[in-house]
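Chemist: Here it is, the structure, as structure tokens.
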Amino acid sequence: MRVVYRGLAVVAAVVAVAVTLTVVLFPSEPDEVVARPVTAPPAAALPSGSAPVSGSAPSAASVSVSPVPSPSRVPASASPAPSPGSHSPTPGASLAPGYTAMEALYADPRVPRLTRDVKRMSLRPTGKQVIKDKRTGLAAPTLPRPWRTYGPAPFTSRQVLPPQRGTKLRGMFVTCPLPIMEQESPRDTALLAARWTLNHHPEGSKISWLASQPVKRGWMLAYRVTYGKHSSRAAVVVMDGGMSKPGLAFVTVPDSQRKHWRDIGRAAAGVRVLG
């Protein structure tokens, strides 16, 4: 009987061990494994200057990236402006960095230096009939026939001579707010304005000075414009009409209408401030 009891005891012990292993190895609810979040262990911080272990991806903190400065934050010393004299700005192009408007003017071969040899011209009084340009604050004299008023755009007033056969050029007398940057000296402003008027002459035009003199609240320049075998006579008057910018009066007459060259002095002499 003792043998039988011992056998039963061994069987009972084996059963108990089997039940215990089942409880330990298998959870009571299998879905718990799925429900638990899967997290990776925190990465250990690498010592300064050490390389990441081969085969592992480097963390963002271990990669050093040199920032690229944006153009607006690049220091001025990174691209120094050229010193005047190192090279000349391109005539007619945008003003090169480091150059003033007058330096660009002096570098333009189309416009010679205005020397003291240039004399004054006689400015005779004109008639009382004028065109009132309220945008410039100036009054422009009404020129006699065959001059006539014309659509002003892109100017603020315009008078023209009749067109000629065989050419698109004809006399023109206009006023408008100063289209270039005003300078400290009215004379310098007039020089820049004369250079600007080359935009309204044939390509390849060059200036030669005929007269230069102060006028009331401004400056007047008269000049010849040559292009190929032909030329025009022209004049600019820069005058402070009390507006935010000075006013510009510009007259030009081609050699095909040379009998009206005398009107250039009349136009220049008659420009005055509205009042």
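Chains: A, B, ... in order of the structure tokens. Residues: from 1 per chain. Ligands: from 1, in order shown.
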Name the residues in contact with Ala153 in chain A at a cut-off of 10 Å, using only C-alpha atoms, excluding same-chain residues fewer than 3 positions from it; report them as a list of chain:residue names.
Modeler: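 Once the adjacent positions are removed, what remains is A:Tyr150, A:Thr156, A:Ser157, A:Arg158, A:Val174, A:Cys176.
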Chemist: For Ala249 in chain A, find every residue with an atom within 6 Å (counting only C-alpha atoms), except residues of its own chain fewer than 3 positions away, and show them as a ChimeraX atom specification.
Modeler: /A:174-175,236-237
Chemist: Would you put the residues from that selection into a file with all heavy atoms, as a PDB file, in the first residue's frame?
Modeler:
```pdb
ATOM      1  N   VAL A 174       7.838 118.876 -73.932  1.00  0.00           N
ATOM      2  CA  VAL A 174       7.052 118.188 -72.906  1.00  0.00           C
ATOM      3  C   VAL A 174       7.438 118.683 -71.510  1.00  0.00           C
ATOM      4  O   VAL A 174       8.516 119.256 -71.306  1.00  0.00           O
ATOM      5  CB  VAL A 174       7.267 116.660 -72.973  1.00  0.00           C
ATOM      6  CG1 VAL A 174       6.887 116.107 -74.334  1.00  0.00           C
ATOM      7  CG2 VAL A 174       8.712 116.299 -72.636  1.00  0.00           C
ATOM      8  N   THR A 175       6.552 118.430 -70.563  1.00  0.00           N
ATOM      9  CA  THR A 175       6.845 118.625 -69.144  1.00  0.00           C
ATOM     10  C   THR A 175       6.416 117.376 -68.393  1.00  0.00           C
ATOM     11  O   THR A 175       5.507 116.648 -68.821  1.00  0.00           O
ATOM     12  CB  THR A 175       6.110 119.843 -68.555  1.00  0.00           C
ATOM     13  OG1 THR A 175       4.693 119.669 -68.709  1.00  0.00           O
ATOM     14  CG2 THR A 175       6.544 121.127 -69.231  1.00  0.00           C
ATOM     15  N   VAL A 236      16.937 121.163 -71.717  1.00  0.00           N
ATOM     16  CA  VAL A 236      16.184 120.740 -70.529  1.00  0.00           C
ATOM     17  C   VAL A 236      16.196 121.892 -69.527  1.00  0.00           C
ATOM     18  O   VAL A 236      17.185 122.626 -69.411  1.00  0.00           O
ATOM     19  CB  VAL A 236      16.767 119.469 -69.870  1.00  0.00           C
ATOM     20  CG1 VAL A 236      16.585 118.260 -70.766  1.00  0.00           C
ATOM     21  CG2 VAL A 236      18.228 119.659 -69.493  1.00  0.00           C
ATOM     22  N   VAL A 237      15.086 122.032 -68.826  1.00  0.00           N
ATOM     23  CA  VAL A 237      14.987 122.971 -67.721  1.00  0.00           C
ATOM     24  C   VAL A 237      14.490 122.196 -66.520  1.00  0.00           C
ATOM     25  O   VAL A 237      13.418 121.583 -66.569  1.00  0.00           O
ATOM     26  CB  VAL A 237      14.020 124.135 -68.034  1.00  0.00           C
ATOM     27  CG1 VAL A 237      13.901 125.067 -66.820  1.00  0.00           C
ATOM     28  CG2 VAL A 237      14.484 124.909 -69.265  1.00  0.00           C
TER      29      VAL A 237
END
```
Chemist: Quick check, in Å to one decimal: how far apart do CA of Arg187 in chain A and CA of Val253 in chain A lie?
Modeler: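 Calculated distance between CA of Arg187 in chain A and CA of Val253 in chain A is 22.6 Å.
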Chemist: Counting only C-alpha atoms, which residues in range 206-268 of chain A sit no more than 10 Å from range 103-124 of chain A? For each one, give the nearest pair of atoms and the distance in Å, sorted by chain then residue number, as a tab-separated table.
Modeler:
```
residue	atom	partner	partner_atom	distance
A:Lys206	CA	A:Arg110	CA	4.5
A:Ile207	CA	A:Val111	CA	5.4
A:Ser208	CA	A:Pro112	CA	6.8
A:Trp209	CA	A:Val118	CA	6.7
A:Leu210	CA	A:Val118	CA	6.3
A:Ala211	CA	A:Arg120	CA	4.9
A:Ser212	CA	A:Arg120	CA	5.5
A:Gln213	CA	A:Arg120	CA	5.7
A:Pro214	CA	A:Arg120	CA	9.1
A:Val215	CA	A:Leu123	CA	9.8
A:Met220	CA	A:Arg120	CA	9.4
A:Leu221	CA	A:Arg120	CA	9.0
A:Ala222	CA	A:Met121	CA	8.4
A:Val225	CA	A:Arg110	CA	9.6
A:Thr226	CA	A:Arg110	CA	9.9
A:Ile264	CA	A:Leu123	CA	9.9
A:Gly265	CA	A:Leu123	CA	6.1
A:Arg266	CA	A:Arg124	CA	6.7
A:Ala267	CA	A:Leu123	CA	9.2
A:Ala268	CA	A:Leu123	CA	7.4
```
Chemist: Using DSSP on the backbone coordinates, identify the residues of range 86-223 of chain A assigned to helix (DSSP H, G or I); present them as a ChimeraX atom specification.
Modeler: /A:101-106,186-200
Chemist: Could you write out the selected residues, including N, CA and C atoms, as a short mmCIF file (atom, residue, chain, number, x, y, z; two decimals), in the first residue's frame?
Modeler:
```cif
data_model
loop_
_atom_site.label_atom_id
_atom_site.label_comp_id
_atom_site.auth_asym_id
_atom_site.auth_seq_id
_atom_site.Cartn_x
_atom_site.Cartn_y
_atom_site.Cartn_z
N ALA A 101 25.18 108.37 -58.71
CA ALA A 101 24.58 108.68 -60.01
C ALA A 101 25.51 109.56 -60.84
N MET A 102 26.23 110.48 -60.20
CA MET A 102 27.13 111.36 -60.93
C MET A 102 28.35 110.61 -61.45
N GLU A 103 28.86 109.64 -60.69
CA GLU A 103 29.99 108.83 -61.17
C GLU A 103 29.58 108.01 -62.39
N ALA A 104 28.34 107.50 -62.38
CA ALA A 104 27.85 106.78 -63.54
C ALA A 104 27.72 107.71 -64.74
N LEU A 105 27.30 108.95 -64.49
CA LEU A 105 27.20 109.93 -65.56
C LEU A 105 28.57 110.21 -66.18
N TYR A 106 29.58 110.41 -65.34
CA TYR A 106 30.91 110.72 -65.84
C TYR A 106 31.55 109.52 -66.56
N PRO A 186 21.23 121.84 -58.52
CA PRO A 186 20.33 121.87 -59.69
C PRO A 186 21.08 121.61 -60.99
N ARG A 187 22.33 122.05 -61.06
CA ARG A 187 23.15 121.82 -62.26
C ARG A 187 23.36 120.33 -62.47
N ASP A 188 23.72 119.60 -61.41
CA ASP A 188 23.93 118.16 -61.54
C ASP A 188 22.64 117.45 -61.89
N THR A 189 21.53 117.91 -61.31
CA THR A 189 20.23 117.31 -61.64
C THR A 189 19.91 117.50 -63.11
N ALA A 190 20.21 118.69 -63.64
CA ALA A 190 19.97 118.96 -65.06
C ALA A 190 20.85 118.08 -65.94
N LEU A 191 22.09 117.83 -65.51
CA LEU A 191 22.98 116.95 -66.28
C LEU A 191 22.40 115.55 -66.38
N LEU A 192 21.92 115.03 -65.27
CA LEU A 192 21.32 113.69 -65.28
C LEU A 192 20.05 113.67 -66.12
N ALA A 193 19.29 114.76 -66.08
CA ALA A 193 18.07 114.83 -66.88
C ALA A 193 18.40 114.84 -68.37
N ALA A 194 19.45 115.56 -68.76
CA ALA A 194 19.86 115.59 -70.17
C ALA A 194 20.27 114.20 -70.62
N ARG A 195 21.00 113.50 -69.78
CA ARG A 195 21.39 112.11 -70.11
C ARG A 195 20.14 111.23 -70.28
N TRP A 196 19.15 111.43 -69.41
CA TRP A 196 17.91 110.64 -69.50
C TRP A 196 17.19 110.89 -70.83
N THR A 197 17.26 112.11 -71.37
CA THR A 197 16.55 112.41 -72.61
C THR A 197 17.10 111.65 -73.81
N LEU A 198 18.30 111.06 -73.69
CA LEU A 198 18.82 110.23 -74.78
C LEU A 198 17.91 109.03 -75.05
N ASN A 199 17.08 108.67 -74.07
CA ASN A 199 16.10 107.60 -74.29
C ASN A 199 15.08 107.98 -75.36
N HIS A 200 14.95 109.28 -75.64
CA HIS A 200 13.98 109.75 -76.62
C HIS A 200 14.66 110.24 -77.90
#
```
Chemist: Residues of range 207-265 of chain A classed as strand (DSSP E) by DSSP on the backbone are to be reported as an NGL selection string.
Modeler: :A and (207-215 or 218-227 or 230-239 or 247-254)
Chemist: Limited to C-alpha atoms, could you put the picked residues into a file as a PDB file, in the first residue's frame?
Modeler:
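Now in selection.pdb:
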```pdb
ATOM      1  CA  ILE A 207      25.573 114.921 -76.535  1.00  0.00           C
ATOM      2  CA  SER A 208      27.679 118.044 -77.093  1.00  0.00           C
ATOM      3  CA  TRP A 209      26.957 121.065 -74.887  1.00  0.00           C
ATOM      4  CA  LEU A 210      25.773 124.410 -76.291  1.00  0.00           C
ATOM      5  CA  ALA A 211      24.726 126.387 -73.198  1.00  0.00           C
ATOM      6  CA  SER A 212      24.494 126.067 -69.425  1.00  0.00           C
ATOM      7  CA  GLN A 213      23.084 128.583 -66.965  1.00  0.00           C
ATOM      8  CA  PRO A 214      21.002 129.012 -63.820  1.00  0.00           C
ATOM      9  CA  VAL A 215      17.347 129.979 -64.096  1.00  0.00           C
ATOM     10  CA  GLY A 218      16.527 125.711 -61.289  1.00  0.00           C
ATOM     11  CA  TRP A 219      18.985 125.163 -64.132  1.00  0.00           C
ATOM     12  CA  MET A 220      18.877 125.107 -67.939  1.00  0.00           C
ATOM     13  CA  LEU A 221      21.053 123.146 -70.389  1.00  0.00           C
ATOM     14  CA  ALA A 222      21.020 123.380 -74.193  1.00  0.00           C
ATOM     15  CA  TYR A 223      22.814 120.776 -76.296  1.00  0.00           C
ATOM     16  CA  ARG A 224      23.235 119.095 -79.663  1.00  0.00           C
ATOM     17  CA  VAL A 225      22.407 115.407 -80.060  1.00  0.00           C
ATOM     18  CA  THR A 226      24.210 113.637 -82.902  1.00  0.00           C
ATOM     19  CA  TYR A 227      23.273 110.227 -84.315  1.00  0.00           C
ATOM     20  CA  HIS A 230      21.934 113.601 -88.450  1.00  0.00           C
ATOM     21  CA  SER A 231      21.420 115.636 -85.321  1.00  0.00           C
ATOM     22  CA  SER A 232      18.853 117.360 -83.139  1.00  0.00           C
ATOM     23  CA  ARG A 233      18.941 120.452 -80.946  1.00  0.00           C
ATOM     24  CA  ALA A 234      17.536 120.066 -77.448  1.00  0.00           C
ATOM     25  CA  ALA A 235      17.243 121.717 -74.045  1.00  0.00           C
ATOM     26  CA  VAL A 236      16.184 120.740 -70.529  1.00  0.00           C
ATOM     27  CA  VAL A 237      14.987 122.971 -67.721  1.00  0.00           C
ATOM     28  CA  VAL A 238      14.875 121.563 -64.189  1.00  0.00           C
ATOM     29  CA  MET A 239      12.829 123.798 -61.899  1.00  0.00           C
ATOM     30  CA  GLY A 247       9.588 119.571 -62.650  1.00  0.00           C
ATOM     31  CA  LEU A 248      11.330 118.862 -65.962  1.00  0.00           C
ATOM     32  CA  ALA A 249      10.736 120.674 -69.251  1.00  0.00           C
ATOM     33  CA  PHE A 250      12.349 119.041 -72.290  1.00  0.00           C
ATOM     34  CA  VAL A 251      12.321 120.239 -75.894  1.00  0.00           C
ATOM     35  CA  THR A 252      13.984 118.627 -78.929  1.00  0.00           C
ATOM     36  CA  VAL A 253      13.819 119.375 -82.675  1.00  0.00           C
ATOM     37  CA  PRO A 254      15.509 117.204 -85.386  1.00  0.00           C
TER      38      PRO A 254
END
```
